[in-house]
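Notes follow once the structure below has been shown.
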Amino acid sequence: MSIIAVYNIKGGVGKTAASVNLAYLSSQQQGKTLLLDMDPQGSASFYFRIRSPKKFGAKKLLKGGKHIEENIRGTDYPGLDMLPADFSYRNIDIALDECKKSHKRLSKVLQPLHEEYERIILDCPPNLTLLSENIFYAADCILAPVIPTTLSLLSLEQLFGFLDEIGQGRDKVLIFFSMVEKRKRMHAEMMRSLREHNGVLGSVIPYSADIERMGIYRQPVAAALPNSSAAAAYESLWHEIQNRLPA
Amino acid sequence: MQQPGADTWYMPDGLQVDALLSALAAEFGLDIAPEYTATVVYADTFDWRLFQQGYLLHCHGHAWTLYHGDGGEVTVQQGGPELQTTCFSWDFPPGSLRDLLEPLLGVRCLLPLATVSLSGRQIGLLNRDEKTVARIVVESQKPAGMGPVFRLIRLFGVRGYDHEQTHVRRILEENGVRKTASPLVGFEEGCRAIGRRPLDYSAKLNLELKSGDSARQAMARIYQALLDTINRNIPGVLADYDSEFLHDLRVAIRRTRSGLSLVKQVLPDAVSDRFSRGFGLLGALTGPTRDLDVYLLNQGEYLNRLPPPLRPGLNGFFAELGRRRQVEHKKLMRALQSRKSRAILSAWQRALRSQDRQPAPLAGMPAGELAGRIILKRFKRVVRDGRTLDAATPDAAVHRLRIQGKKLRYAMEFFSSLYPKQEMQTLLKQLKKLQDILGSFNDLSVQQEMLRLTLKNLRAGSRRNLELAAALGGLMQSLFQEQQALRTHFVEAFEQFSNPETTALFHELFSKNQESA
């Protein structure tokens with residue numbers, strides 16, 4: 001069992017698309033998988049056409065146990081379940097702050113789920129908060145999608161700084177390039193300069209209309225268009241992550 | 001919360017699939033998958049090793065599917081061998097299916113069981129977001145060789161959508177879908193068509209005796225169960241599907257012989273004597289093939305005992321054993337089909353069914369009394385012989401003790417249904433520990449003797465024989481060391497078996513005073 005958090009401080013970097021597709025591939029290849037939509041916008045939930053349950057929210061999530069169990073939903077794909085997000089997650093830091101050992105709370109509520117699921121994937125909101133600290137504490141691997149631009153690199157520096165500050169190792173972080181446009185020279189140069197960096201994966205997710213259209217057909221690319229180049233890119237990324245994860 | 005397992009019903013005769021679908025379409029979006037059709041062959045071992053663990057396995061040409069029978073969840077789907085008559089776990093290509101099958105099947109082969117033609121459609125039921133909230137499958141199952149087609153409808157829930165599932169159930173019920181069905185009806189009926197029923201065979205002796213039965217009645221039932229086992233295994237021995245048919249056959253013969261020698265004066269002496277000889281003969285004629293089977297099954301283990309450079313020396317040896325086995329098996333086939341063998345079994349059947357002209361002295365004794373008497377006697381004998389056991393006991397004496405242990409074990413198994421289950425299991429477990437060590441010891445002894453004879457008959461002079469001799473030497477060394485190591489555990493194992501607690505339990509369960517109380 002391992003927990004993968006898909007995270008970036010910046011929004012709009014292809015984070016949710018990656019979570020959704022990797023969760024789908026995980027369920028196909030590694031067995032039962034749970035996708036946790038932690039982002040109050042609920043984009044991952046939207047992609048799977050799952051609405052937030054009526055009596056569910058940040059407080060219930062942090063209570064854990066049956067409050068989580070009862071609100072897990074089966075997706076359209078056997079072996080892939082999801083805990084949908086709720087809008088109340090936007091205030092989750094306040095709720096977290098009231099918990100004992102507030103930076104370990106998420107890890108604790110996820111503990112019982114290890115029995116049922118081979119893998120848990122967290123789709124995280126783009127910010128640096130107490131929730132992020134919880135996520136980094138709980139995750140075995142922090143997967144950061146990065147668009148090869150100057151600002152994205154800056155956000156990576158911020159992430160590493162934050163990890164140092166909370167005493168989490170930088171080696172948990174795996175980086176992959178996302179929304180890459182072949183014809184942009186800056187993308188190519190940025191990628192070349194970073195390639196040697198530790199934890200940078202070789203697989204690249206291209207900027208792709210097929211991925212953008214996920215919002216219309218509301219399925220993982222890997223399920224809807226298994227023969228597309230986007231699906232192949234996620235497949236290769238997933239393969240690489242698989243090999244890097246602790247057994 | 002309802003589990004996302006499946007519920008299965010029969011489609012009512014008058015109900016058309018389209019009518020049902022339009023009823024569902026009034027409340028849900030429908031996502032109708034293309035129709036599938038396949039003729040599948042279900043496979044399992046003769047003793048249902050997969051079914052026992054809740055698994056069903058079927059193949060369709062080279063495509064194999066293993067799934068859990070109750071939830072209908074597919075565990076693995078993979079390519080594999082074509083199932084002509086039989087196949088073994090090692091016939092599958094390496095992969096997850098083989099990894100799952102290997103420990104389940106062991107040395108047993110898969111036999112084709114029911115052949116069923118399946119056709120059906122899966123329909124996803126969608127909510128207003130076009131999210132799948134439940135699935136139904138309408139499927140026709142037609143077992144080969146049978147008239148009827150079973151029309152089934154199955155409902156699979158999706159986690160977290162209980163409310164919608166209840167809704168679907170209501171619609172089904174309104175359309176007359178009420179009679180629940182086994183999702184395996186096609187499989188079960190298909191088995192029936194070839195004269196099988198799930199779990200209809202087990203090598204274990206499963207009898208429910210009553211303490212008040214007469215000794216004659218009880219023994220007749222035990223012998224009958226053993227005779228059934230013998231008869232059921234003969235076809236598999238003749239066809240040589242796998243080595244376990246012969247093994248089970250031999251165990252049943254040995255148990256019968258044990259019964260005849262342990263339980264005196266329940267059958268008339270003349271009958272006991274006659275069939276002791278008869279089953280002795282059957283035991284003897286099945287021996288050589290089984291011995292060779294054991295060596296051939298041990299091939300991998302033998303090779304592992306040797307350092308790699310010596311291993312090639314055994315190639316010719318095992319090839320020769322394989323050839324000898326073919327010859328022995330032919331002899332065995334002839335012997336089993338001979339008039340004499342068949343006459344022994346049919347005469348035994350008649351003897352069990354008929355009344356004894358002159359009932360034996362103990363024929364009317366209550367079964368409980370007989371059982372206690374025999375088990376206690378065997379127990380005392382094992383304890384008496386075992387006391388002399390130590391690290392220096394000669395092999396032959398260890399062998400005799402092993403035989404005594406076996407007799408006790410058989411006696412306990414014959415009558416175990418007359419005694420409380422838990423206590424019986426405790427005692428059998430204790431006995432089994434002792435038997436395991438004695439059994440392994442004896443196996444090692446017999447194997448060394450066989451290797452010694454092979455070596456003795458080996459002519460010097462050829463390169464091949466030289467290599468074989470070196471390998472045999474290596475093996476004997478390894479077997480001998482293991483055997484010596486076992487000796488050091490004798491005393492400890494026997495003391496554990498004969499400890500005051502176990503002894504007290506034996507007396508408590510089987511002594512006569514207790515029986516009448």
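Here, A, B, ... name the chains of the structure tokens in the order displayed, residue numbers run from 1 inside each chain, and ligands are numbered from 1 in the same displayed order.
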
Using only C-alpha atoms, which residues of chain A come within 9 Å of chain B, and what is the closest atom pair for each, with the distance in Å to one decimal? Give it as CSV, sorted by chain and residue number.
residue,atom,partner,partner_atom,distance
A:Phe48,CA,B:Lys131,CA,7.4
A:Arg49,CA,B:Lys131,CA,5.5
A:Ile50,CA,B:Lys131,CA,7.1
A:Arg51,CA,B:Asp129,CA,8.8
A:Glu70,CA,B:Gly160,CA,6.9
A:Asn71,CA,B:Gly160,CA,6.4
A:Ile72,CA,B:Gly160,CA,6.0
A:Arg73,CA,B:Gly160,CA,4.6
A:Gly74,CA,B:Arg159,CA,4.6
A:Thr75,CA,B:Thr132,CA,7.5
A:Asp76,CA,B:Thr132,CA,5.6
A:Pro78,CA,B:Val158,CA,8.9
A:Asp81,CA,B:Arg159,CA,7.9

message = Considering only alpha helix (DSSP H) as DSSP defines it on the backbone, what residues of region 14-118 of chain B qualify? List them as a list in words.
response =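 The alpha helix (DSSP H) subset of region 14-118 of chain B is Val17, Asp18, Ala19, Leu20, Leu21, Ser22, Ala23, Leu24, Ala25, Arg49, Leu50, Phe51, Gln52, Ser96, Leu97, Arg98, Asp99, Leu100, Leu101, Glu102, Pro103, Leu104 and Leu105 of chain B.
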
key: Gly61 (chain B) surroundings by only C-alpha atoms, 12 Å radius, close-in-sequence under 4 positions cut, as JSON, numbers by chain   = {"B": [38, 39, 40, 41, 42, 65, 78, 79, 80, 81, 82, 83, 84]}

What would the file look like if the residues just selected were written as a compact mmCIF listing (two decimals), in the first residue's frame with C-alpha atoms?
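What ended up in part-v8.txt:
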# COMPACT_ATOMS: atom_id res chain seq x y z
CA ALA B 38 -19.06 -17.63 -25.64
CA THR B 39 -19.02 -21.32 -25.00
CA VAL B 40 -16.93 -21.88 -21.92
CA VAL B 41 -15.63 -25.03 -20.31
CA TYR B 42 -15.43 -25.00 -16.54
CA THR B 65 -10.78 -16.69 -16.54
CA GLN B 78 -5.06 -14.73 -19.01
CA GLY B 79 -3.93 -16.92 -21.84
CA GLY B 80 -3.08 -20.52 -21.13
CA PRO B 81 -2.98 -24.01 -22.55
CA GLU B 82 -5.87 -25.48 -24.45
CA LEU B 83 -7.80 -27.86 -22.24
CA GLN B 84 -7.85 -31.06 -24.25

query = Can you list, as a ChimeraX atom specification, every protein, DNA or RNA residue that comes within 12 Å of Ala351 (chain B) when you count only C-alpha atoms, leaving out same-chain residues fewer than 4 positions away?
reply = /B:216,219-220,223-224,227,267-268,270-272,274-275,343-347,355-357

Just the selected residues (N, CA and C atoms), exported as a PDB file, in the first residue's frame, please.
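So out_25.pdb came out as:
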ATOM      1  N   ARG B 216     -21.559 -54.066  13.288  1.00  0.00           N
ATOM      2  CA  ARG B 216     -21.644 -54.556  11.908  1.00  0.00           C
ATOM      3  C   ARG B 216     -22.112 -53.451  10.959  1.00  0.00           C
ATOM      4  N   MET B 219     -19.313 -50.721  10.667  1.00  0.00           N
ATOM      5  CA  MET B 219     -18.186 -51.134   9.833  1.00  0.00           C
ATOM      6  C   MET B 219     -18.599 -51.224   8.365  1.00  0.00           C
ATOM      7  N   ALA B 220     -19.825 -51.699   8.125  1.00  0.00           N
ATOM      8  CA  ALA B 220     -20.281 -51.792   6.740  1.00  0.00           C
ATOM      9  C   ALA B 220     -20.308 -50.404   6.095  1.00  0.00           C
ATOM     10  N   TYR B 223     -16.626 -49.346   5.441  1.00  0.00           N
ATOM     11  CA  TYR B 223     -16.088 -50.082   4.289  1.00  0.00           C
ATOM     12  C   TYR B 223     -16.736 -49.623   2.990  1.00  0.00           C
ATOM     13  N   GLN B 224     -18.035 -49.350   3.075  1.00  0.00           N
ATOM     14  CA  GLN B 224     -18.739 -48.921   1.866  1.00  0.00           C
ATOM     15  C   GLN B 224     -18.184 -47.584   1.361  1.00  0.00           C
ATOM     16  N   LEU B 227     -14.959 -48.254  -0.234  1.00  0.00           N
ATOM     17  CA  LEU B 227     -15.138 -48.919  -1.526  1.00  0.00           C
ATOM     18  C   LEU B 227     -15.591 -47.917  -2.588  1.00  0.00           C
ATOM     19  N   LEU B 267     -17.133 -58.866  11.314  1.00  0.00           N
ATOM     20  CA  LEU B 267     -17.494 -59.660  10.134  1.00  0.00           C
ATOM     21  C   LEU B 267     -17.077 -61.098  10.451  1.00  0.00           C
ATOM     22  N   PRO B 268     -17.766 -62.075   9.846  1.00  0.00           N
ATOM     23  CA  PRO B 268     -17.349 -63.463  10.077  1.00  0.00           C
ATOM     24  C   PRO B 268     -15.877 -63.641   9.686  1.00  0.00           C
ATOM     25  N   ALA B 270     -14.251 -65.865   8.189  1.00  0.00           N
ATOM     26  CA  ALA B 270     -13.978 -66.306   6.819  1.00  0.00           C
ATOM     27  C   ALA B 270     -14.001 -65.114   5.866  1.00  0.00           C
ATOM     28  N   VAL B 271     -14.975 -64.201   6.087  1.00  0.00           N
ATOM     29  CA  VAL B 271     -15.096 -63.026   5.225  1.00  0.00           C
ATOM     30  C   VAL B 271     -13.881 -62.125   5.413  1.00  0.00           C
ATOM     31  N   SER B 272     -13.542 -61.843   6.690  1.00  0.00           N
ATOM     32  CA  SER B 272     -12.381 -60.993   6.976  1.00  0.00           C
ATOM     33  C   SER B 272     -11.129 -61.543   6.315  1.00  0.00           C
ATOM     34  N   ARG B 274     -10.777 -63.676   3.833  1.00  0.00           N
ATOM     35  CA  ARG B 274     -10.821 -63.677   2.375  1.00  0.00           C
ATOM     36  C   ARG B 274     -10.500 -62.294   1.811  1.00  0.00           C
ATOM     37  N   PHE B 275     -11.117 -61.257   2.412  1.00  0.00           N
ATOM     38  CA  PHE B 275     -10.913 -59.926   1.835  1.00  0.00           C
ATOM     39  C   PHE B 275      -9.607 -59.293   2.296  1.00  0.00           C
ATOM     40  N   ALA B 343     -13.517 -59.044  -9.554  1.00  0.00           N
ATOM     41  CA  ALA B 343     -14.261 -60.001  -8.738  1.00  0.00           C
ATOM     42  C   ALA B 343     -14.096 -59.686  -7.247  1.00  0.00           C
ATOM     43  N   ILE B 344     -12.901 -59.285  -6.840  1.00  0.00           N
ATOM     44  CA  ILE B 344     -12.686 -58.960  -5.423  1.00  0.00           C
ATOM     45  C   ILE B 344     -13.608 -57.820  -5.010  1.00  0.00           C
ATOM     46  N   LEU B 345     -13.625 -56.762  -5.841  1.00  0.00           N
ATOM     47  CA  LEU B 345     -14.416 -55.587  -5.485  1.00  0.00           C
ATOM     48  C   LEU B 345     -15.911 -55.878  -5.509  1.00  0.00           C
ATOM     49  N   SER B 346     -16.354 -56.634  -6.505  1.00  0.00           N
ATOM     50  CA  SER B 346     -17.808 -56.871  -6.547  1.00  0.00           C
ATOM     51  C   SER B 346     -18.238 -57.852  -5.456  1.00  0.00           C
ATOM     52  N   ALA B 347     -17.387 -58.814  -5.140  1.00  0.00           N
ATOM     53  CA  ALA B 347     -17.726 -59.734  -4.048  1.00  0.00           C
ATOM     54  C   ALA B 347     -17.766 -58.980  -2.719  1.00  0.00           C
ATOM     55  N   GLN B 355     -26.724 -59.920   4.462  1.00  0.00           N
ATOM     56  CA  GLN B 355     -26.712 -60.339   5.875  1.00  0.00           C
ATOM     57  C   GLN B 355     -25.700 -61.470   6.020  1.00  0.00           C
ATOM     58  N   ASP B 356     -24.979 -61.471   7.152  1.00  0.00           N
ATOM     59  CA  ASP B 356     -24.087 -62.609   7.388  1.00  0.00           C
ATOM     60  C   ASP B 356     -24.930 -63.807   7.793  1.00  0.00           C
ATOM     61  N   ARG B 357     -24.605 -64.954   7.183  1.00  0.00           N
ATOM     62  CA  ARG B 357     -25.396 -66.142   7.517  1.00  0.00           C
ATOM     63  C   ARG B 357     -25.243 -66.456   9.003  1.00  0.00           C
TER      64      ARG B 357
END

Neighbours of Val173 (chain A) within 8 Å (only C-alpha atoms; same-chain residues fewer than 2 positions away dropped), as a PDB file with N, CA and C atoms, in the first residue's frame?
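Final output, saved to part-v9.pdb:
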ATOM      1  N   CYS A 141       4.813   9.523  -1.479  1.00  0.00           N
ATOM      2  CA  CYS A 141       5.415  10.139  -2.652  1.00  0.00           C
ATOM      3  C   CYS A 141       4.609  11.389  -2.997  1.00  0.00           C
ATOM      4  N   ILE A 142       5.320  12.505  -3.230  1.00  0.00           N
ATOM      5  CA  ILE A 142       4.655  13.730  -3.670  1.00  0.00           C
ATOM      6  C   ILE A 142       4.988  13.898  -5.148  1.00  0.00           C
ATOM      7  N   LEU A 143       3.953  13.822  -5.953  1.00  0.00           N
ATOM      8  CA  LEU A 143       4.164  13.872  -7.391  1.00  0.00           C
ATOM      9  C   LEU A 143       3.821  15.285  -7.857  1.00  0.00           C
ATOM     10  N   ALA A 144       4.814  16.006  -8.365  1.00  0.00           N
ATOM     11  CA  ALA A 144       4.587  17.405  -8.726  1.00  0.00           C
ATOM     12  C   ALA A 144       4.638  17.605 -10.233  1.00  0.00           C
ATOM     13  N   ARG A 170      13.232  15.916   1.037  1.00  0.00           N
ATOM     14  CA  ARG A 170      12.970  16.296  -0.349  1.00  0.00           C
ATOM     15  C   ARG A 170      12.884  15.062  -1.247  1.00  0.00           C
ATOM     16  N   ASP A 171      13.376  13.945  -0.761  1.00  0.00           N
ATOM     17  CA  ASP A 171      13.433  12.756  -1.628  1.00  0.00           C
ATOM     18  C   ASP A 171      12.062  12.126  -1.867  1.00  0.00           C
ATOM     19  N   ILE A 175       9.117  14.711  -9.796  1.00  0.00           N
ATOM     20  CA  ILE A 175       8.666  15.812 -10.660  1.00  0.00           C
ATOM     21  C   ILE A 175       8.474  15.295 -12.078  1.00  0.00           C
ATOM     22  N   GLY A 199      15.068  13.149  -8.985  1.00  0.00           N
ATOM     23  CA  GLY A 199      13.619  13.055  -8.850  1.00  0.00           C
ATOM     24  C   GLY A 199      12.855  13.594 -10.044  1.00  0.00           C
TER      25      GLY A 199
END

query = What is the CA of Gly195 (chain B) to CA of Lys340 (chain B) distance in Å?
reply = 27.7 Å

message = Which residues are near Ser102 (chain A)? Cut-off 12 Å, only C-alpha atoms, ignore same chain within fewer than 3 positions. Put them as a PyMOL selection string.
response = chain A and resi 62+92-99+105-109+129-135+137

Gap from CA of Ala230 (chain A) to CA of Ser208 (chain A) - Å, one decimal = 6.8 Å

Those in region 15-225 of chain A with strand (DSSP E or B) from DSSP, as a ChimeraX atom specification = /A:33-37,73-74,80-83,119-123,141-146,173-180,200-206

key: Near-Leu336 (chain B) list (8 Å; only C-alpha atoms; drop same-chain fewer than 5 positions) as a list in words   =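 Residues near the query, excluding close chain neighbours: Ile234, Ser341 and Arg342 of chain B.
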
Using only N, CA and C atoms, please write the residues we just selected to a file, as an mmCIF file, in the first residue's frame.
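Saved result, part00.cif, follows:
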data_model
loop_
_atom_site.group_PDB
_atom_site.id
_atom_site.type_symbol
_atom_site.label_atom_id
_atom_site.label_comp_id
_atom_site.auth_asym_id
_atom_site.auth_seq_id
_atom_site.Cartn_x
_atom_site.Cartn_y
_atom_site.Cartn_z
ATOM 1 N N ILE B 234 -10.788 -45.413 -9.766
ATOM 2 C CA ILE B 234 -10.249 -46.329 -10.780
ATOM 3 C C ILE B 234 -10.221 -45.714 -12.190
ATOM 4 N N SER B 341 -9.363 -58.843 -10.111
ATOM 5 C CA SER B 341 -9.529 -57.606 -9.335
ATOM 6 C C SER B 341 -10.991 -57.208 -9.268
ATOM 7 N N ARG B 342 -11.636 -57.248 -10.425
ATOM 8 C CA ARG B 342 -13.038 -56.828 -10.439
ATOM 9 C C ARG B 342 -13.879 -57.741 -9.560
#

Within 7 Å of region 239-258 of chain B, which residues of region 46-125 of chain B come that close, and what is the closest atom pair and distance in Å for each? Count only C-alpha atoms and give it as a tab-separated table.
residue	atom	partner	partner_atom	distance
B:Thr86	CA	B:Tyr241	CA	6.7
B:Arg108	CA	B:Asp242	CA	5.9
B:Cys109	CA	B:Asp242	CA	6.0
